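Engineer: I am sharing coords.cif, which consists of mmCIF, C-alpha atoms and all ligand atoms:
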```
data_data
#
loop_
_atom_site.label_atom_id
_atom_site.label_comp_id
_atom_site.auth_asym_id
_atom_site.auth_seq_id
_atom_site.Cartn_x
_atom_site.Cartn_y
_atom_site.Cartn_z
CA MET X 1321 7.93 20.46 19.10
CA ARG X 1322 8.14 16.74 19.74
CA ILE X 1323 10.23 14.78 17.24
CA LEU X 1324 9.21 11.22 16.43
CA HIS X 1325 12.08 8.75 16.25
CA TRP X 1326 11.72 6.04 13.63
CA GLY X 1327 13.24 2.60 13.30
CA LEU X 1328 13.39 0.54 10.12
CA LEU X 1329 12.46 -3.10 10.65
CA SER X 1330 14.91 -4.72 8.21
CA THR X 1331 17.06 -3.56 5.34
CA ALA X 1332 14.29 -4.05 2.75
CA ARG X 1333 14.76 -2.47 -0.67
CA ILE X 1334 11.67 -0.28 -0.21
CA ASN X 1335 13.35 1.52 2.71
CA ARG X 1336 15.04 3.75 0.16
CA ALA X 1337 11.62 5.26 -0.64
CA ILE X 1338 10.87 6.24 2.94
CA ILE X 1339 14.29 7.45 4.05
CA PRO X 1340 14.26 10.73 2.03
CA PRO X 1341 10.78 11.82 3.29
CA LEU X 1342 11.78 10.99 6.86
CA ARG X 1343 14.71 13.34 6.34
CA LEU X 1344 12.55 16.01 4.69
CA SER X 1345 10.07 16.04 7.55
CA THR X 1346 10.85 18.29 10.49
CA ARG X 1347 8.73 16.24 12.93
CA ASN X 1348 10.34 12.89 12.16
CA ARG X 1349 13.84 11.53 12.52
CA LEU X 1350 15.28 8.24 11.36
CA LEU X 1351 17.19 6.88 14.35
CA ALA X 1352 17.76 3.14 13.83
CA VAL X 1353 17.72 0.16 11.51
CA ALA X 1354 17.49 -3.52 12.39
CA SER X 1355 18.40 -6.59 10.41
CA ARG X 1356 18.52 -10.31 11.09
CA SER X 1357 22.30 -9.94 11.05
CA GLN X 1358 24.36 -7.35 12.90
CA GLU X 1359 26.81 -7.02 9.97
CA THR X 1360 24.01 -6.25 7.54
CA ALA X 1361 22.47 -3.74 9.92
CA GLN X 1362 25.81 -2.02 10.50
CA ALA X 1363 26.70 -1.84 6.80
CA TYR X 1364 23.24 -0.47 6.02
CA ALA X 1365 23.41 2.11 8.82
CA HIS X 1366 26.80 3.23 7.52
CA GLU X 1367 25.59 3.48 3.91
CA TRP X 1368 22.45 5.46 4.82
CA HIS X 1369 23.89 7.44 7.75
CA ILE X 1370 21.54 5.97 10.33
CA PRO X 1371 22.79 6.46 13.91
CA ARG X 1372 21.85 3.07 15.43
CA ALA X 1373 22.11 -0.48 14.03
CA TYR X 1374 20.55 -3.56 15.63
CA GLY X 1375 21.29 -7.21 14.79
CA SER X 1376 17.76 -8.39 15.57
CA TYR X 1377 14.25 -7.04 15.19
CA GLU X 1378 13.66 -7.63 18.93
CA ALA X 1379 16.56 -5.34 19.80
CA LEU X 1380 15.03 -2.51 17.75
CA LEU X 1381 11.69 -2.93 19.50
CA ALA X 1382 13.50 -2.82 22.87
CA ASP X 1383 15.01 0.61 22.14
CA PRO X 1384 13.00 2.96 24.40
CA GLU X 1385 13.80 5.99 22.24
CA ILE X 1386 12.07 4.59 19.16
CA ASP X 1387 8.51 5.91 18.73
CA VAL X 1388 7.57 4.55 15.31
CA ILE X 1389 8.43 1.34 13.48
CA TYR X 1390 8.36 1.14 9.69
CA ASN X 1391 7.50 -2.46 8.82
CA PRO X 1392 8.61 -3.42 5.29
CA LEU X 1393 9.00 -7.16 5.97
CA PRO X 1394 7.74 -9.83 3.55
CA ASN X 1395 3.93 -9.84 3.53
CA HIS X 1396 3.48 -12.91 5.77
CA LEU X 1397 5.41 -11.16 8.59
CA HIS X 1398 3.44 -7.90 8.54
CA LYS X 1399 0.85 -8.97 11.11
CA GLU X 1400 3.24 -10.63 13.56
CA TRP X 1401 5.76 -7.78 13.68
CA THR X 1402 3.18 -5.00 13.61
CA ILE X 1403 1.54 -6.54 16.67
CA ARG X 1404 4.90 -7.15 18.38
CA ALA X 1405 5.91 -3.54 17.72
CA MET X 1406 2.69 -2.21 19.24
CA ALA X 1407 3.07 -4.53 22.24
CA ALA X 1408 6.51 -2.91 22.69
CA GLY X 1409 4.80 0.50 22.77
CA LYS X 1410 5.57 1.61 19.20
CA HIS X 1411 3.35 3.14 16.56
CA VAL X 1412 3.59 1.41 13.18
CA LEU X 1413 3.61 2.32 9.52
CA CYS X 1414 3.27 -1.07 7.82
CA GLU X 1415 3.80 -1.78 4.15
CA LYS X 1416 0.93 -2.97 2.01
CA PRO X 1417 -0.74 -5.38 2.35
CA LEU X 1418 -1.22 -4.74 6.07
CA ALA X 1419 -2.22 -8.40 6.47
CA LEU X 1420 -3.27 -11.38 4.39
CA SER X 1421 -6.85 -11.74 5.64
CA ALA X 1422 -9.61 -9.64 7.18
CA GLU X 1423 -9.25 -11.67 10.39
CA ASP X 1424 -5.57 -10.77 10.62
CA VAL X 1425 -6.43 -7.07 10.23
CA ASP X 1426 -8.93 -7.54 13.07
CA GLU X 1427 -6.12 -8.92 15.26
CA ILE X 1428 -3.99 -5.88 14.42
CA ALA X 1429 -6.91 -3.58 15.25
CA ALA X 1430 -7.43 -5.33 18.60
CA ALA X 1431 -3.74 -4.93 19.43
CA ALA X 1432 -3.81 -1.24 18.46
CA GLN X 1433 -6.78 -0.75 20.75
CA GLN X 1434 -5.20 -2.70 23.59
CA HIS X 1435 -1.89 -0.86 23.43
CA GLY X 1436 -3.28 2.53 22.45
CA ARG X 1437 -1.00 2.80 19.41
CA VAL X 1438 -1.54 4.13 15.88
CA VAL X 1439 -1.09 1.77 12.95
CA ALA X 1440 -1.54 2.55 9.27
CA GLU X 1441 -1.03 0.69 6.02
CA ALA X 1442 1.53 2.42 3.79
CA PHE X 1443 -0.63 3.04 0.71
CA MET X 1444 1.39 6.07 -0.30
CA TYR X 1445 -0.71 6.95 -3.37
CA ARG X 1446 -3.70 7.75 -1.12
CA HIS X 1447 -1.94 10.85 0.25
CA HIS X 1448 -0.88 12.30 -3.08
CA PRO X 1449 -2.73 15.44 -4.32
CA GLN X 1450 -3.63 13.65 -7.57
CA THR X 1451 -5.62 10.98 -5.74
CA LEU X 1452 -7.40 13.62 -3.65
CA LYS X 1453 -8.22 15.57 -6.82
CA VAL X 1454 -9.72 12.53 -8.57
CA LYS X 1455 -11.85 11.81 -5.52
CA GLU X 1456 -13.00 15.46 -5.38
CA LEU X 1457 -13.95 15.47 -9.09
CA ILE X 1458 -16.10 12.40 -8.64
CA LYS X 1459 -17.69 13.74 -5.46
CA ASP X 1460 -18.48 17.03 -7.22
CA GLY X 1461 -20.23 15.18 -10.04
CA ALA X 1462 -17.67 16.06 -12.75
CA ILE X 1463 -18.38 12.79 -14.59
CA GLY X 1464 -21.98 12.31 -13.47
CA LYS X 1465 -22.94 9.04 -11.84
CA LEU X 1466 -19.96 6.77 -11.24
CA GLN X 1467 -20.26 3.58 -13.28
CA LEU X 1468 -16.91 1.88 -13.83
CA ILE X 1469 -13.31 1.97 -12.59
CA ARG X 1470 -10.72 0.17 -14.72
CA GLY X 1471 -7.14 -0.19 -13.53
CA SER X 1472 -3.92 -2.02 -14.29
CA PHE X 1473 -0.64 -2.54 -12.52
CA THR X 1474 1.85 -4.93 -14.11
CA PHE X 1475 5.61 -5.21 -14.42
CA SER X 1476 8.16 -7.67 -15.66
CA MET X 1477 9.83 -9.55 -12.80
CA LYS X 1478 13.56 -9.63 -13.48
CA THR X 1479 14.55 -12.40 -11.08
CA GLU X 1480 13.26 -15.81 -10.05
CA VAL X 1481 14.25 -15.32 -6.39
CA ASN X 1482 11.92 -12.80 -4.81
CA ILE X 1483 9.59 -12.72 -1.81
CA ARG X 1484 6.80 -11.93 -4.31
CA LEU X 1485 7.12 -15.40 -5.88
CA ASN X 1486 6.91 -17.31 -2.60
CA PRO X 1487 3.43 -18.60 -1.73
CA GLU X 1488 4.40 -19.02 1.96
CA MET X 1489 5.31 -15.33 2.15
CA GLY X 1490 2.04 -13.96 0.80
CA GLY X 1491 3.44 -13.72 -2.70
CA GLY X 1492 1.54 -13.22 -5.93
CA SER X 1493 0.73 -10.28 -8.17
CA LEU X 1494 -2.65 -9.65 -6.55
CA TRP X 1495 -1.22 -9.01 -3.08
CA ASP X 1496 1.75 -7.15 -4.53
CA VAL X 1497 0.33 -4.82 -7.17
CA GLY X 1498 -3.30 -5.80 -7.76
CA CYS X 1499 -3.93 -4.40 -4.30
CA TYR X 1500 -3.53 -0.87 -5.78
CA PRO X 1501 -6.36 -0.81 -8.35
CA ILE X 1502 -8.56 -2.64 -5.84
CA SER X 1503 -7.78 -0.08 -3.14
CA TYR X 1504 -8.35 2.80 -5.59
CA ALA X 1505 -11.67 1.36 -6.83
CA ARG X 1506 -12.97 0.87 -3.27
CA TYR X 1507 -11.90 4.43 -2.44
CA LEU X 1508 -13.71 5.95 -5.41
CA ALA X 1509 -16.79 3.74 -5.04
CA ASP X 1510 -16.80 4.68 -1.36
CA ALA X 1511 -18.06 1.19 -0.61
CA GLU X 1512 -17.03 -2.42 -0.25
CA PRO X 1513 -17.71 -4.80 -3.14
CA LEU X 1514 -20.76 -7.05 -2.88
CA GLU X 1515 -19.38 -9.69 -5.22
CA VAL X 1516 -16.07 -10.43 -6.97
CA PHE X 1517 -14.85 -12.75 -9.70
CA GLY X 1518 -11.28 -13.45 -10.80
CA TRP X 1519 -9.05 -15.57 -13.02
CA GLN X 1520 -5.37 -16.18 -12.43
CA VAL X 1521 -2.41 -17.46 -14.38
CA THR X 1522 -0.46 -19.55 -11.89
CA GLY X 1523 3.33 -19.38 -12.03
CA GLN X 1524 5.87 -22.13 -11.33
CA THR X 1525 5.90 -21.48 -7.59
CA GLY X 1526 2.11 -21.59 -7.29
CA ILE X 1527 1.45 -17.88 -6.89
CA ASP X 1528 -0.66 -15.83 -9.31
CA ASP X 1529 1.76 -14.51 -11.94
CA SER X 1530 -1.17 -12.60 -13.46
CA PHE X 1531 -4.62 -11.82 -12.18
CA PHE X 1532 -7.74 -10.52 -13.94
CA GLY X 1533 -10.62 -9.49 -11.73
CA GLN X 1534 -14.03 -7.87 -11.54
CA LEU X 1535 -15.77 -6.23 -8.59
CA LYS X 1536 -19.44 -5.38 -8.23
CA PHE X 1537 -20.19 -2.53 -5.83
CA PRO X 1538 -23.58 -1.27 -4.61
CA ASN X 1539 -25.45 1.29 -6.79
CA GLN X 1540 -24.38 -0.31 -10.06
CA VAL X 1541 -20.74 0.62 -9.77
CA TYR X 1542 -18.26 -1.91 -11.23
CA ALA X 1543 -14.50 -2.29 -11.33
CA GLN X 1544 -12.22 -4.31 -13.61
CA PHE X 1545 -8.50 -4.68 -13.11
CA ASP X 1546 -5.45 -6.72 -13.99
CA SER X 1547 -2.16 -7.23 -12.20
CA GLY X 1548 0.92 -9.22 -13.12
CA PHE X 1549 4.61 -10.00 -13.00
CA ARG X 1550 5.04 -11.16 -16.61
CA SER X 1551 3.99 -8.14 -18.65
CA PRO X 1552 5.68 -4.81 -19.38
CA TYR X 1553 5.47 -2.05 -16.78
CA ARG X 1554 1.94 -0.65 -17.03
CA THR X 1555 -0.06 1.49 -14.67
CA HIS X 1556 -3.31 3.09 -15.63
CA LEU X 1557 -6.70 4.03 -14.24
CA GLU X 1558 -9.84 5.05 -16.09
CA VAL X 1559 -12.93 6.23 -14.25
CA VAL X 1560 -16.17 6.23 -16.21
CA GLY X 1561 -19.34 8.08 -15.27
CA SER X 1562 -22.65 8.81 -16.97
CA GLN X 1563 -21.38 12.23 -18.16
CA GLY X 1564 -17.67 11.72 -18.73
CA THR X 1565 -14.42 9.95 -17.98
CA ILE X 1566 -11.24 10.65 -16.08
CA THR X 1567 -8.03 9.02 -17.22
CA ILE X 1568 -5.06 8.82 -14.90
CA PRO X 1569 -1.80 7.68 -16.51
CA ALA X 1570 0.16 7.31 -13.26
CA PRO X 1571 -2.42 6.50 -10.60
CA PHE X 1572 -0.38 4.47 -8.13
CA LYS X 1573 3.06 6.06 -8.25
CA PRO X 1574 2.37 9.68 -9.18
CA SER X 1575 5.30 12.07 -9.38
CA LEU X 1576 5.77 15.76 -8.69
CA ASN X 1577 3.97 16.86 -11.85
CA GLU X 1578 1.07 14.90 -13.21
CA THR X 1579 -1.67 15.52 -15.74
CA ILE X 1580 -5.01 13.76 -15.71
CA THR X 1581 -7.66 14.07 -18.43
CA LEU X 1582 -11.30 14.88 -17.89
CA THR X 1583 -13.44 14.18 -20.94
CA ARG X 1584 -17.06 15.40 -21.09
CA GLN X 1585 -18.98 15.18 -24.36
CA GLU X 1586 -16.76 17.10 -26.81
CA THR X 1587 -14.61 18.78 -24.17
CA VAL X 1588 -11.25 17.33 -23.26
CA GLU X 1589 -9.64 19.04 -20.30
CA SER X 1590 -6.11 18.41 -19.13
CA ILE X 1591 -5.80 18.98 -15.41
CA ALA X 1592 -2.28 19.63 -14.19
CA ILE X 1593 -1.55 18.53 -10.66
CA ALA X 1594 1.35 19.73 -8.60
CA GLY X 1595 2.27 16.69 -6.59
CA GLN X 1596 4.55 16.07 -3.68
CA GLU X 1597 7.25 13.61 -2.80
CA LEU X 1598 5.29 10.35 -3.09
CA TYR X 1599 6.16 8.84 0.28
CA LEU X 1600 6.06 12.06 2.30
CA GLY X 1601 2.27 12.01 2.72
CA GLU X 1602 2.15 8.74 4.65
CA VAL X 1603 4.93 9.89 6.99
CA GLU X 1604 3.24 13.23 7.73
CA ASP X 1605 -0.18 11.62 8.07
CA LEU X 1606 1.11 9.19 10.69
CA ALA X 1607 2.84 12.03 12.54
CA ASP X 1608 -0.48 13.95 12.57
CA CYS X 1609 -2.19 10.90 14.05
CA ILE X 1610 0.43 10.35 16.75
CA LEU X 1611 1.04 13.99 17.66
CA ALA X 1612 -2.39 15.55 17.05
CA GLY X 1613 -4.82 12.63 17.41
CA LYS X 1614 -5.93 12.69 13.76
CA THR X 1615 -7.51 9.56 12.24
CA PRO X 1616 -5.22 7.88 9.68
CA ARG X 1617 -6.19 8.55 6.09
CA VAL X 1618 -5.93 4.81 5.49
CA THR X 1619 -8.03 3.45 8.35
CA LEU X 1620 -7.94 -0.11 9.63
CA ALA X 1621 -11.49 -0.58 8.31
CA ASP X 1622 -10.19 0.39 4.88
CA SER X 1623 -7.26 -2.04 5.15
CA ARG X 1624 -9.70 -4.74 6.27
CA GLY X 1625 -11.86 -4.13 3.20
CA ASN X 1626 -8.89 -4.46 0.88
CA ALA X 1627 -7.68 -7.69 2.50
CA ALA X 1628 -11.20 -9.17 2.43
CA THR X 1629 -11.60 -8.27 -1.26
CA ILE X 1630 -8.24 -9.76 -2.25
CA ALA X 1631 -8.88 -12.96 -0.29
CA ALA X 1632 -12.29 -13.27 -1.99
CA LEU X 1633 -10.76 -12.75 -5.44
CA LEU X 1634 -8.19 -15.48 -4.76
CA GLU X 1635 -10.96 -17.80 -3.62
CA SER X 1636 -12.90 -17.02 -6.79
CA ALA X 1637 -9.90 -17.82 -8.98
CA ARG X 1638 -9.38 -21.11 -7.08
CA THR X 1639 -13.00 -22.22 -7.28
CA GLY X 1640 -13.94 -20.70 -10.64
CA LYS X 1641 -17.01 -19.10 -9.06
CA PRO X 1642 -18.04 -15.58 -8.07
CA VAL X 1643 -17.62 -14.88 -4.35
CA HIS X 1644 -20.13 -12.82 -2.36
CA LEU X 1645 -18.73 -10.67 0.42
N1 LIG X 1701 4.62 1.01 -1.09
C1 LIG X 1701 5.47 0.69 -2.05
O1 LIG X 1701 5.72 1.47 -2.97
C2 LIG X 1701 6.19 -0.62 -1.99
C3 LIG X 1701 7.18 -0.90 -2.94
C4 LIG X 1701 7.90 -2.08 -2.81
C5 LIG X 1701 7.60 -2.97 -1.79
N2 LIG X 1701 6.61 -2.69 -0.91
C6 LIG X 1701 6.29 -3.63 0.18
O2 LIG X 1701 7.40 -3.65 1.06
C7 LIG X 1701 7.61 -4.97 1.54
C8 LIG X 1701 9.06 -5.36 1.25
O3 LIG X 1701 9.31 -5.35 -0.14
P1 LIG X 1701 10.82 -5.26 -0.69
O4 LIG X 1701 10.76 -5.40 -2.14
O5 LIG X 1701 11.49 -4.08 -0.12
O6 LIG X 1701 11.41 -6.61 -0.06
P2 LIG X 1701 12.91 -7.07 0.19
O7 LIG X 1701 13.88 -6.14 -0.41
O8 LIG X 1701 12.97 -8.52 -0.18
O9 LIG X 1701 13.05 -6.90 1.76
C9 LIG X 1701 12.41 -7.68 2.72
C10 LIG X 1701 13.29 -7.66 3.96
O10 LIG X 1701 12.67 -8.46 4.95
C11 LIG X 1701 13.65 -9.05 5.76
N3 LIG X 1701 13.27 -10.46 5.97
C12 LIG X 1701 12.88 -11.01 7.15
N4 LIG X 1701 12.58 -12.29 7.00
C13 LIG X 1701 12.80 -12.59 5.71
C14 LIG X 1701 12.70 -13.79 4.96
N5 LIG X 1701 12.29 -14.95 5.50
N6 LIG X 1701 13.00 -13.75 3.65
C15 LIG X 1701 13.38 -12.59 3.05
N7 LIG X 1701 13.51 -11.41 3.72
C16 LIG X 1701 13.23 -11.43 5.04
C17 LIG X 1701 15.00 -8.88 5.08
O11 LIG X 1701 15.75 -7.90 5.82
P3 LIG X 1701 17.00 -8.24 6.77
O12 LIG X 1701 17.83 -9.23 6.03
O13 LIG X 1701 17.65 -6.93 6.95
O14 LIG X 1701 16.45 -8.80 8.06
C18 LIG X 1701 14.66 -8.27 3.72
O15 LIG X 1701 15.59 -7.30 3.32
C19 LIG X 1701 6.56 -5.85 0.90
O16 LIG X 1701 5.50 -5.99 1.80
C20 LIG X 1701 6.10 -5.04 -0.31
O17 LIG X 1701 4.73 -5.28 -0.62
C21 LIG X 1701 5.92 -1.53 -1.00
#
```
Can I see the file as structure tokens?
Structural biologist:
Amino acid sequence: MRILHWGLLSTARINRAIIPPLRLSTRNRLLAVASRSQETAQAYAHEWHIPRAYGSYEALLADPEIDVIYNPLPNHLHKEWTIRAMAAGKHVLCEKPLALSAEDVDEIAAAAQQHGRVVAEAFMYRHHPQTLKVKELIKDGAIGKLQLIRGSFTFSMKTEVNIRLNPEMGGGSLWDVGCYPISYARYLADAEPLEVFGWQVTGQTGIDDSFFGQLKFPNQVYAQFDSGFRSPYRTHLEVVGSQGTITIPAPFKPSLNETITLTRQETVESIAIAGQELYLGEVEDLADCILAGKTPRVTLADSRGNAATIAALLESARTGKPVHL
């Protein structure tokens, strides 16, 4: 069996989420880490028991034994380094958001095609059994005709120095956490929005500290969401249909054991879901694509739709007008 060798592009905090699943998976092996400084890379490699440490991102891409790059750079560097990694012959798992515009996703898609590499956006929640169950319930008509998806993802930012607060780095709550309810709503609606409208509360650095948005999908399906850095930690999703509702208390970061609620007329049913390690699914899915030619669960068309929707919502908040897509 072929083993895929992975390299971490930077010492980002989120690496700690992907390292355990890489170690759990029999088809994947974490081989190297790169940082902008050799000392940082070496200290990180020592701490996490990673065999190779590189003092530049270029050096990691030049390692011929690396098959897959995990790209957890600040948002504005996702496109550049994903394309550079593919040009160096690597497959890429890139953190969300894959890019900051639909056009940038198109450039990534063109590079993937040119270099014959697999690239996927790391929306880990999409691979979790809970998400697949919710989708199945809706497809099977458990709540009748889908009407409304309502979601929230907020937390309280503890520091004033963070890539999420920097407008030049693709900061803002919408790109950071609002992207989840938007992605979930598009997934359940099985369509791209026709029109969006949003309001934002702008923080001191100019990014959206909070965002409140609405999406209109075809077939009279609507979504409403909020995201933010200045509220308590909240995640929630409610899916409303003509015959019932599904409520999902932990939609975006589900754990090993979750319970969702299906309410139909007077019946309230708790559905227990045996989950899996949250970040394992994206690692295994990418391995299936590279080794067995599967299509990624999060396709580039899907990533394009999310980026286009977010860009349209930001435009709406700037102009105060609905934006048609
Ligand atoms: N899927 C999820 O659950 C999840 C959760 C959290 C974050 N994320 C995503 O992961 C990405 C990273 O988030 P994070 O919180 O892990 O970020 P972080 O800790 O700030 O890490 C970003 C890394 O990028 C490198 N870097 C390169 N140029 C930089 C620059 N100009 N300024 C700052 N850092 C620079 C740094 O590594 P070196 O110093 O080693 O070069 C830094 O450690 C974001 O895209 C975020 O949306 C996803």
Engineer: Please report, as AutoDock Vina command-line options, the centre and edge lengths in Å to one decimal of an axis-aligned box covering all listed atoms of ligand LIG 1701 (chain X) with 5 Å per side.
Structural biologist:
```
--center_x 11.2 --center_y -6.7 --center_z 2.5 --size_x 23.2 --size_y 26.4 --size_z 21.0
```
Engineer: Hey, which of X:Val1353, X:Ile1568, X:Ile1386, X:Ala1509 ends up closest to Ile1370 (chain X)? Count only C-alpha atoms.
Structural biologist: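 Distance minimum relative to Ile1370 (chain X) lands on X:Val1353.
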Engineer: Counting all atoms listed in the file, which protein, DNA or RNA residues come within 8 Å of ligand LIG 1701 (chain X), given as a PDB file with C-alpha atoms, in the coordinates of the input?
Structural biologist:
```pdb
ATOM      1  CA  LEU X1329      12.460  -3.100  10.650  1.00  0.00           C
ATOM      2  CA  SER X1330      14.910  -4.720   8.210  1.00  0.00           C
ATOM      3  CA  THR X1331      17.060  -3.560   5.340  1.00  0.00           C
ATOM      4  CA  ALA X1332      14.290  -4.050   2.750  1.00  0.00           C
ATOM      5  CA  ARG X1333      14.760  -2.470  -0.670  1.00  0.00           C
ATOM      6  CA  ILE X1334      11.670  -0.280  -0.210  1.00  0.00           C
ATOM      7  CA  ASN X1335      13.350   1.520   2.710  1.00  0.00           C
ATOM      8  CA  ALA X1337      11.620   5.260  -0.640  1.00  0.00           C
ATOM      9  CA  ALA X1354      17.490  -3.520  12.390  1.00  0.00           C
ATOM     10  CA  SER X1355      18.400  -6.590  10.410  1.00  0.00           C
ATOM     11  CA  ARG X1356      18.520 -10.310  11.090  1.00  0.00           C
ATOM     12  CA  SER X1357      22.300  -9.940  11.050  1.00  0.00           C
ATOM     13  CA  THR X1360      24.010  -6.250   7.540  1.00  0.00           C
ATOM     14  CA  ALA X1361      22.470  -3.740   9.920  1.00  0.00           C
ATOM     15  CA  SER X1376      17.760  -8.390  15.570  1.00  0.00           C
ATOM     16  CA  TYR X1377      14.250  -7.040  15.190  1.00  0.00           C
ATOM     17  CA  ASN X1391       7.500  -2.460   8.820  1.00  0.00           C
ATOM     18  CA  PRO X1392       8.610  -3.420   5.290  1.00  0.00           C
ATOM     19  CA  LEU X1393       9.000  -7.160   5.970  1.00  0.00           C
ATOM     20  CA  PRO X1394       7.740  -9.830   3.550  1.00  0.00           C
ATOM     21  CA  ASN X1395       3.930  -9.840   3.530  1.00  0.00           C
ATOM     22  CA  LEU X1397       5.410 -11.160   8.590  1.00  0.00           C
ATOM     23  CA  HIS X1398       3.440  -7.900   8.540  1.00  0.00           C
ATOM     24  CA  GLU X1415       3.800  -1.780   4.150  1.00  0.00           C
ATOM     25  CA  LYS X1416       0.930  -2.970   2.010  1.00  0.00           C
ATOM     26  CA  PRO X1417      -0.740  -5.380   2.350  1.00  0.00           C
ATOM     27  CA  ALA X1442       1.530   2.420   3.790  1.00  0.00           C
ATOM     28  CA  PHE X1443      -0.630   3.040   0.710  1.00  0.00           C
ATOM     29  CA  MET X1444       1.390   6.070  -0.300  1.00  0.00           C
ATOM     30  CA  ASN X1482      11.920 -12.800  -4.810  1.00  0.00           C
ATOM     31  CA  ILE X1483       9.590 -12.720  -1.810  1.00  0.00           C
ATOM     32  CA  ARG X1484       6.800 -11.930  -4.310  1.00  0.00           C
ATOM     33  CA  MET X1489       5.310 -15.330   2.150  1.00  0.00           C
ATOM     34  CA  TRP X1495      -1.220  -9.010  -3.080  1.00  0.00           C
ATOM     35  CA  ASP X1496       1.750  -7.150  -4.530  1.00  0.00           C
ATOM     36  CA  VAL X1497       0.330  -4.820  -7.170  1.00  0.00           C
ATOM     37  CA  LYS X1573       3.060   6.060  -8.250  1.00  0.00           C
TER      38      LYS X1573
END
```
Engineer: Hey, what's within 9 Å of His1435 (chain X) if we count all atoms listed in the file and toss same-chain stuff fewer than 5 positions away? As an mmCIF file with C-alpha atoms, keeping the file's coordinate frame, please?
Structural biologist:
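Saved to part_22.cif:
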```
data_model
loop_
_atom_site.group_PDB
_atom_site.id
_atom_site.type_symbol
_atom_site.label_atom_id
_atom_site.label_comp_id
_atom_site.auth_asym_id
_atom_site.auth_seq_id
_atom_site.Cartn_x
_atom_site.Cartn_y
_atom_site.Cartn_z
ATOM 1 C CA MET X 1406 2.690 -2.210 19.240
ATOM 2 C CA ALA X 1407 3.070 -4.530 22.240
ATOM 3 C CA ALA X 1408 6.510 -2.910 22.690
ATOM 4 C CA GLY X 1409 4.800 0.500 22.770
ATOM 5 C CA LYS X 1410 5.570 1.610 19.200
ATOM 6 C CA ALA X 1430 -7.430 -5.330 18.600
#
```
Engineer: Taking 2 positions as the minimum chain separation for residues in the same chain, which residues sit within 12 Å of Arg1343 (chain X) when counting only C-alpha atoms? Answer as a VMD selection string.
Structural biologist: chain X and resid 1323 to 1326 1336 to 1341 1345 to 1351 1368 to 1370 1597 1599 to 1600 1603 to 1604
Engineer: Residues at most 8 Å from Ile1527 (chain X), counting all atoms listed in the file, excluding those fewer than 3 positions away in the same chain, as a PyMOL selection string?
Structural biologist: chain X and resi 1485-1487+1491-1493+1522-1524
Engineer: Please report, as a Markdown table, each residue of region 1395-1509 of chain X lying at most 7 Å from region 1542-1552 of chain X, together with the nearest pair of atoms and the separation in Å rounded to one decimal; use all atoms listed in the file, and order rows by chain and ascending residue number.
Structural biologist:
```
| residue | atom | partner | partner_atom | distance |
| --- | --- | --- | --- | --- |
| X:Gln1467 | CA | X:Tyr1542 | CA | 6.2 |
| X:Leu1468 | CA | X:Tyr1542 | CA | 4.8 |
| X:Ile1469 | CA | X:Ala1543 | CA | 4.6 |
| X:Arg1470 | CA | X:Gln1544 | CA | 4.9 |
| X:Gly1471 | CA | X:Phe1545 | CA | 4.7 |
| X:Ser1472 | CA | X:Asp1546 | CA | 5.0 |
| X:Phe1473 | CA | X:Ser1547 | CA | 4.9 |
| X:Thr1474 | CA | X:Gly1548 | CA | 4.5 |
| X:Phe1475 | CA | X:Pro1552 | CA | 5.0 |
| X:Ser1476 | CA | X:Arg1550 | CA | 4.8 |
| X:Met1477 | CA | X:Phe1549 | CA | 5.2 |
| X:Ser1493 | CA | X:Gly1548 | CA | 5.1 |
| X:Leu1494 | CA | X:Ser1547 | CA | 6.2 |
| X:Val1497 | CA | X:Ser1547 | CA | 6.1 |
| X:Gly1498 | CA | X:Ser1547 | CA | 4.8 |
| X:Pro1501 | CA | X:Phe1545 | CA | 6.5 |
| X:Ala1505 | CA | X:Ala1543 | CA | 6.4 |
```
Engineer: With C-alpha atoms retained, could you export that selection as a CSV table (one decimal), in the coordinates of the input?
Structural biologist:
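Ended up saving to out-v2.csv:
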```csv
chain,number,residue,atom,x,y,z
X,1467,GLN,CA,-20.3,3.6,-13.3
X,1468,LEU,CA,-16.9,1.9,-13.8
X,1469,ILE,CA,-13.3,2.0,-12.6
X,1470,ARG,CA,-10.7,0.2,-14.7
X,1471,GLY,CA,-7.1,-0.2,-13.5
X,1472,SER,CA,-3.9,-2.0,-14.3
X,1473,PHE,CA,-0.6,-2.5,-12.5
X,1474,THR,CA,1.8,-4.9,-14.1
X,1475,PHE,CA,5.6,-5.2,-14.4
X,1476,SER,CA,8.2,-7.7,-15.7
X,1477,MET,CA,9.8,-9.6,-12.8
X,1493,SER,CA,0.7,-10.3,-8.2
X,1494,LEU,CA,-2.6,-9.6,-6.6
X,1497,VAL,CA,0.3,-4.8,-7.2
X,1498,GLY,CA,-3.3,-5.8,-7.8
X,1501,PRO,CA,-6.4,-0.8,-8.4
X,1505,ALA,CA,-11.7,1.4,-6.8
```
Engineer: Determine the nearest neighbour of Gln1520 (chain X) from the options X:Glu1385, X:Glu1378, X:Glu1359, X:Glu1635, counting only C-alpha atoms.
Structural biologist: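 Among X:Glu1385, X:Glu1378, X:Glu1359, X:Glu1635, it is X:Glu1635 that comes nearest to Gln1520 (chain X).
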Engineer: Could you give me, as an MDAnalysis selection string, the residues within 9 Å of Thr1619 (chain X), counting all atoms listed in the file and dropping anything in the same chain fewer than 4 positions from it?
Structural biologist: chainID X and resid 1439:1441 1615 1623:1624
Engineer: My list of candidates is X:Thr1581, X:Ala1612, X:Val1516, X:Val1521. Which is closest to Lys1641 (chain X) when distances are computed with all atoms listed in the file?
Structural biologist: X:Val1516
Engineer: Show which residues sit within 12 Å of His1448 (chain X), as number ranges by chain. Count only C-alpha atoms, and ignore same-chain residues fewer than 6 positions away.
Structural biologist: X: 1454-1455, 1570-1578, 1593-1605, 1617
